[in-house]
Amino acid sequence: MAKFTRRVLLSSTDRILISIDNIRKWDRILIRNALSTMLLLSATLSSADAPKLDLGPMPISLKHLPIPEVPGLLNGPDPIVTDKAAAIALGKALFWDVNVGSDGMACASCHFHAGADSRSKNQLAPGGQSSAPTTSAFGLSLVGNMLSPNHQLSLRDFPLHQRQNPFEESSPVIYDTTQVVGSAGTFGGEYTATAPMGSSVDECIRQPDTSFHVGLIGTRKVTHRNAPSVINTIFNHRSFWDGRANNVFNGSSPWGDRDPDAGVWVKVGPHNVIKQRLHLINASLASLATAPPSNTSEMSCAQRSLKEIGRKLLPRHPLEHQNVHWQDSVLGKLSLSTSGNLQKGLNTTYASLIRQAYNSKYWSSSDLGQFSTPIGERAYSQIEANFALFFGLAIQLYESTLISDESPFDNSARDAQYQPINLSPAELRGLEQFRANLCSHCHLGPNFSAASVNANAALFKTHPEAFSDASLTISTTYNVVDRIPLVASEAFYDTGFASTGVAQESADLGLGANDDFGNPLSFSQQYLQFLAGRPQKVVDNEVFEVRPCDFQIEFALNYQPPYSTVSLFTPIDGVKPQLQSTDNCHLPPATSAFLPTTEAALRELNNPNSKKMLAGVMANFKIPSLRNVELTGPYMHNGGMATLDQVIEFYTRGGNFAHASKQVTRVFGLPNLHFSEQNRSDLIAFLKTLTDERVRYQRAPFDHPEIYVPYGHEGDTYHVNSYATYPDFGKDELLLIPAVGAEGSNEPLLPFQNYLTP
């Protein structure tokens, strides 16, 4: 074939020069889809002549997706949890109990509405997670509303980034803000002592926060990221938007093996207790659970540990301030309520539930004084010292029951091509739009998220059709690192994370940030160091297991190909066989199961112009599940969109910002959505088929105890009333979420925009 080049328009600002005979299969497929969508711009092109887009993978029911096993948690000769039902009950109580927070905040306070947060008052933070305090400030909305503490959000405040034409990436920006729609949390302060019995408010030295106040009156702080739904999160490989909740639970903190001081206290003799390292895989929800209770924006006064929370809770009756329905699917048998007579609390204590649920070697020692220095005068007991272990695993086991696999999409019968046949014509057309516009390349598999790494990899072995189409198979393996084309070259990225250009990169680095110990959150950045002969810089052992033959596109070849190798290692550079087995590789192992030599990798890593050793991880965020997405707004990590229409507008124009790490082969202008209101409507109709009616009506397992959620403060953005006993702090308005039993509520949960003022 004669050589020629063609400029392919991936967006209105990024043009990539491509040599057609020098591109590989993955690039050709993406480019062909981009070209096909561009052809739809032609006014002279008849519908009969319009090119048919390659469809992406056909998603299948969530009923097929296996929950990744946690070896040693419930099985083996000496499991940690000896009574799973008791542990789930403990987890549900802890999740919903306002006593867990320093001033009335529970985990559920930010996850009470389809697992997410639908509050619309006092939900603004002045900047993203990475914004410098000196540059973070509240400001005005497009219509002149003051976006500040205690603001009541309206539909007119959204989206936080607006274009004159919302479908055109090149359209002038008419409004942009680095502010975030997050979740209201704690008043903060410096912790001094646990709350006395009967009270949920810890003793803290408090003063109004420098950012969160109205006049001189302090308001509750607001998180710098939106709270995603906890439903179906058991399938996540890592948790939090930036993945900092490690797949490995260490029993102490979110950081897995990265935390050098982590460990649990284990009784190994009648009077001998030792601290041991813990390494539980597939336990990112346990890792996640240990973070919010001590976070000074979410739930806690500063310097309050989980040991102190254990000291507060252990002697108490769970949910002592909250009604528990007599038909609660988990807690009903423990509830003090009787039919038609709601009562507060359970007929047991937290200490009793822990002793029932967990192996006695983690709580039975009566010795004191060896479990680290407490804040107060009384030394910690073993059961207090291990409270992070009990808390994290109980929360994970409870959240593992929150699987919404009864949606219309899940329950539909399938034809020979695995397509659902019980959906409406509009919903089926929307499914085709979902696939044709590459949505299914990121929102992959039954959970509609590539972040379900291990679960998807296990399912691929039995249902490979869920990850393939006629021309492409998405690499679905246990690799935590993969390769993707970016604007400048190809680069490594962390599986299940993506940069889509939602907000300014400087506002929130996401996966590109470091952990508390100075290590990169990203696996990709660690992998580059491993290749360059620096294994000591790898802090997550999964990085050592990455197989090059499982990358989506080649990285190192053992031959010199006829096409451009500017982003590839070849024998000219120096290559060597991969270290792992080559069984069931995604790429042909005979040619692609290779790594650069250490010398070649180090040379390229030190080359500022390298196209081979790049990691595109800045402003990358975990790809969320789309299940129940109708109910889980606001959307994106910054809460910047209020409606599904705004989300579709965002993807139609190809995002908001063109970062270097933006995955432009997945996020680019989509003319078949731009020029067709019907296509956009159909796509949204399909997304709504992912709503489980049990979630909408809070039926088991999505039923819950009562909770009062802080919902702003009495007053407005100019004046708030204060507490008589705390005159420096705004008096909470409270939103009552009533207790519901297994049969659920007669009142459905509504989309986020329904809770906004016009």
# chains A, B, ... in the order shown; residues from 1 in each chain; ligands from 1
$ residues_around --residues "stretch 702-709 of chain A" --least-positions-apart "2" --cutoff "9 Å" --atoms "only C-alpha atoms" --output "PyMOL selection string"
chain A and resi 92-93+96-98+104-106+108-110+112+114-115+119+231+319+321-325+328-331+344+401-404+694-695+697-700+711+733-745
$ write_last_selection --atoms "N, CA and C atoms" --output "short mmCIF file (atom, residue, chain, number, x, y, z; two decimals), in the first residue's frame"
data_model
loop_
_atom_site.label_atom_id
_atom_site.label_comp_id
_atom_site.auth_asym_id
_atom_site.auth_seq_id
_atom_site.Cartn_x
_atom_site.Cartn_y
_atom_site.Cartn_z
N LYS A 92 -23.53 -2.56 59.41
CA LYS A 92 -24.68 -1.69 59.10
C LYS A 92 -24.92 -0.70 60.23
N ALA A 93 -24.81 -1.14 61.46
CA ALA A 93 -24.99 -0.23 62.59
C ALA A 93 -23.93 0.87 62.57
N TRP A 96 -24.47 3.61 59.81
CA TRP A 96 -25.58 4.55 59.98
C TRP A 96 -25.55 5.31 61.30
N ASP A 97 -24.67 4.98 62.21
CA ASP A 97 -24.68 5.54 63.57
C ASP A 97 -24.03 6.92 63.61
N VAL A 98 -24.78 7.93 64.07
CA VAL A 98 -24.24 9.29 64.18
C VAL A 98 -23.23 9.41 65.29
N GLY A 104 -22.08 14.34 65.24
CA GLY A 104 -23.33 13.90 64.63
C GLY A 104 -23.24 13.41 63.21
N MET A 105 -22.04 13.23 62.69
CA MET A 105 -21.89 12.74 61.31
C MET A 105 -21.68 11.22 61.32
N ALA A 106 -22.46 10.54 60.49
CA ALA A 106 -22.27 9.11 60.25
C ALA A 106 -21.71 8.92 58.84
N ALA A 108 -23.23 7.28 56.72
CA ALA A 108 -24.45 7.42 55.92
C ALA A 108 -24.87 8.86 55.74
N SER A 109 -24.33 9.79 56.51
CA SER A 109 -24.71 11.19 56.35
C SER A 109 -24.39 11.71 54.96
N CYS A 110 -23.39 11.11 54.30
CA CYS A 110 -23.03 11.50 52.93
C CYS A 110 -23.39 10.42 51.92
N PHE A 112 -26.73 8.53 51.99
CA PHE A 112 -28.06 8.09 52.40
C PHE A 112 -29.05 7.98 51.25
N ALA A 114 -29.60 6.53 47.62
CA ALA A 114 -29.06 5.61 46.62
C ALA A 114 -27.56 5.44 46.80
N GLY A 115 -27.12 5.49 48.05
CA GLY A 115 -25.71 5.36 48.37
C GLY A 115 -24.91 6.62 48.19
N ARG A 119 -28.05 16.14 49.16
CA ARG A 119 -28.26 17.44 49.82
C ARG A 119 -27.93 18.59 48.87
N ILE A 231 -23.11 1.88 46.68
CA ILE A 231 -23.74 0.67 46.16
C ILE A 231 -22.87 0.08 45.04
N LEU A 319 -26.69 2.67 67.54
CA LEU A 319 -27.80 3.49 67.06
C LEU A 319 -28.69 3.97 68.20
N HIS A 321 -29.36 6.75 69.39
CA HIS A 321 -30.13 7.98 69.16
C HIS A 321 -31.06 7.87 67.95
N GLN A 322 -31.18 6.69 67.35
CA GLN A 322 -31.87 6.55 66.07
C GLN A 322 -32.84 5.37 66.08
N ASN A 323 -34.02 5.60 65.51
CA ASN A 323 -35.00 4.53 65.40
C ASN A 323 -34.51 3.46 64.43
N VAL A 324 -34.81 2.22 64.78
CA VAL A 324 -34.48 1.08 63.91
C VAL A 324 -35.76 0.31 63.66
N HIS A 325 -36.11 0.12 62.41
CA HIS A 325 -37.36 -0.54 62.05
C HIS A 325 -37.37 -1.99 62.51
N ASP A 328 -36.27 -4.29 59.80
CA ASP A 328 -34.98 -4.06 59.14
C ASP A 328 -34.38 -5.40 58.73
N SER A 329 -33.93 -5.50 57.48
CA SER A 329 -33.50 -6.79 56.93
C SER A 329 -32.28 -7.36 57.62
N VAL A 330 -31.50 -6.51 58.28
CA VAL A 330 -30.30 -6.97 58.98
C VAL A 330 -30.43 -6.79 60.49
N LEU A 331 -30.98 -5.66 60.90
CA LEU A 331 -30.98 -5.29 62.32
C LEU A 331 -32.31 -5.54 63.01
N LYS A 344 -35.55 3.45 69.59
CA LYS A 344 -34.16 3.76 69.26
C LYS A 344 -33.25 2.63 69.72
N THR A 401 -23.21 -6.40 50.71
CA THR A 401 -24.60 -6.82 50.50
C THR A 401 -25.35 -5.83 49.62
N LEU A 402 -24.77 -4.67 49.35
CA LEU A 402 -25.47 -3.60 48.62
C LEU A 402 -25.18 -3.74 47.12
N ILE A 403 -25.75 -4.75 46.51
CA ILE A 403 -25.55 -5.04 45.10
C ILE A 403 -26.89 -4.88 44.38
N SER A 404 -26.93 -3.97 43.44
CA SER A 404 -28.20 -3.66 42.76
C SER A 404 -28.27 -4.39 41.42
N ARG A 694 -35.44 -1.58 43.85
CA ARG A 694 -35.19 -1.76 45.29
C ARG A 694 -34.41 -0.58 45.84
N VAL A 695 -33.52 -0.03 45.04
CA VAL A 695 -32.79 1.17 45.46
C VAL A 695 -33.73 2.37 45.48
N TYR A 697 -36.87 2.54 45.97
CA TYR A 697 -37.85 2.49 47.07
C TYR A 697 -37.25 1.99 48.38
N GLN A 698 -35.93 1.91 48.46
CA GLN A 698 -35.21 1.59 49.69
C GLN A 698 -35.65 0.25 50.29
N ARG A 699 -35.86 -0.71 49.40
CA ARG A 699 -36.22 -2.05 49.85
C ARG A 699 -34.94 -2.84 50.14
N ALA A 700 -35.08 -3.89 50.94
CA ALA A 700 -33.92 -4.71 51.30
C ALA A 700 -33.16 -5.13 50.05
N TYR A 711 -28.36 19.63 57.16
CA TYR A 711 -28.79 20.14 55.86
C TYR A 711 -28.65 21.66 55.87
N GLU A 733 -29.83 22.94 60.36
CA GLU A 733 -31.11 22.42 59.91
C GLU A 733 -30.90 20.93 59.67
N LEU A 734 -31.89 20.13 59.99
CA LEU A 734 -31.72 18.68 59.91
C LEU A 734 -32.74 18.08 58.95
N LEU A 735 -32.25 17.16 58.13
CA LEU A 735 -33.08 16.43 57.19
C LEU A 735 -33.34 15.05 57.78
N LEU A 736 -34.62 14.74 58.02
CA LEU A 736 -34.96 13.44 58.58
C LEU A 736 -35.07 12.40 57.47
N ILE A 737 -34.27 11.36 57.60
CA ILE A 737 -34.38 10.19 56.74
C ILE A 737 -34.99 9.09 57.60
N PRO A 738 -36.29 8.79 57.43
CA PRO A 738 -36.96 7.87 58.35
C PRO A 738 -36.43 6.45 58.25
N ALA A 739 -36.57 5.70 59.32
CA ALA A 739 -36.23 4.28 59.30
C ALA A 739 -37.21 3.55 58.39
N VAL A 740 -36.68 2.66 57.57
CA VAL A 740 -37.52 1.81 56.73
C VAL A 740 -37.09 0.36 56.91
N GLY A 741 -38.06 -0.53 56.81
CA GLY A 741 -37.79 -1.95 56.91
C GLY A 741 -37.57 -2.57 55.56
N ALA A 742 -37.54 -3.89 55.55
CA ALA A 742 -37.20 -4.62 54.33
C ALA A 742 -38.17 -4.34 53.19
N GLU A 743 -39.40 -3.98 53.50
CA GLU A 743 -40.39 -3.72 52.44
C GLU A 743 -40.22 -2.35 51.82
N GLY A 744 -39.36 -1.52 52.40
CA GLY A 744 -39.04 -0.24 51.81
C GLY A 744 -40.05 0.85 52.11
N SER A 745 -39.98 1.89 51.31
CA SER A 745 -40.81 3.09 51.48
C SER A 745 -41.79 3.21 50.32
#
$ closest_atom_pairs --of "stretch 658-682 of chain A" --to "stretch 629-651 of chain A" --cutoff "9 Å" --atoms "only C-alpha atoms" --output "tab-separated table"
residue	atom	partner	partner_atom	distance
A:Val667	CA	A:Tyr651	CA	6.7
A:Phe668	CA	A:Tyr651	CA	7.3
A:Gly669	CA	A:Tyr651	CA	7.2
A:Leu670	CA	A:Tyr651	CA	7.4
A:Leu673	CA	A:Ile648	CA	8.3
A:His674	CA	A:Glu649	CA	8.0
A:Arg680	CA	A:Ile648	CA	7.1
A:Ser681	CA	A:Asp645	CA	8.4
$ residues_around --residues "A:Ala87" --least-positions-apart "6" --cutoff "8 Å" --atoms "only C-alpha atoms" --output "PyMOL selection string"
chain A and resi 81+353-354+357-358+393-394+397-398
$ closest_residue --among "A:Glu190, A:Asp405, A:Glu69, A:Asp117" --to "A:Pro701" --atoms "only C-alpha atoms"
A:Asp405
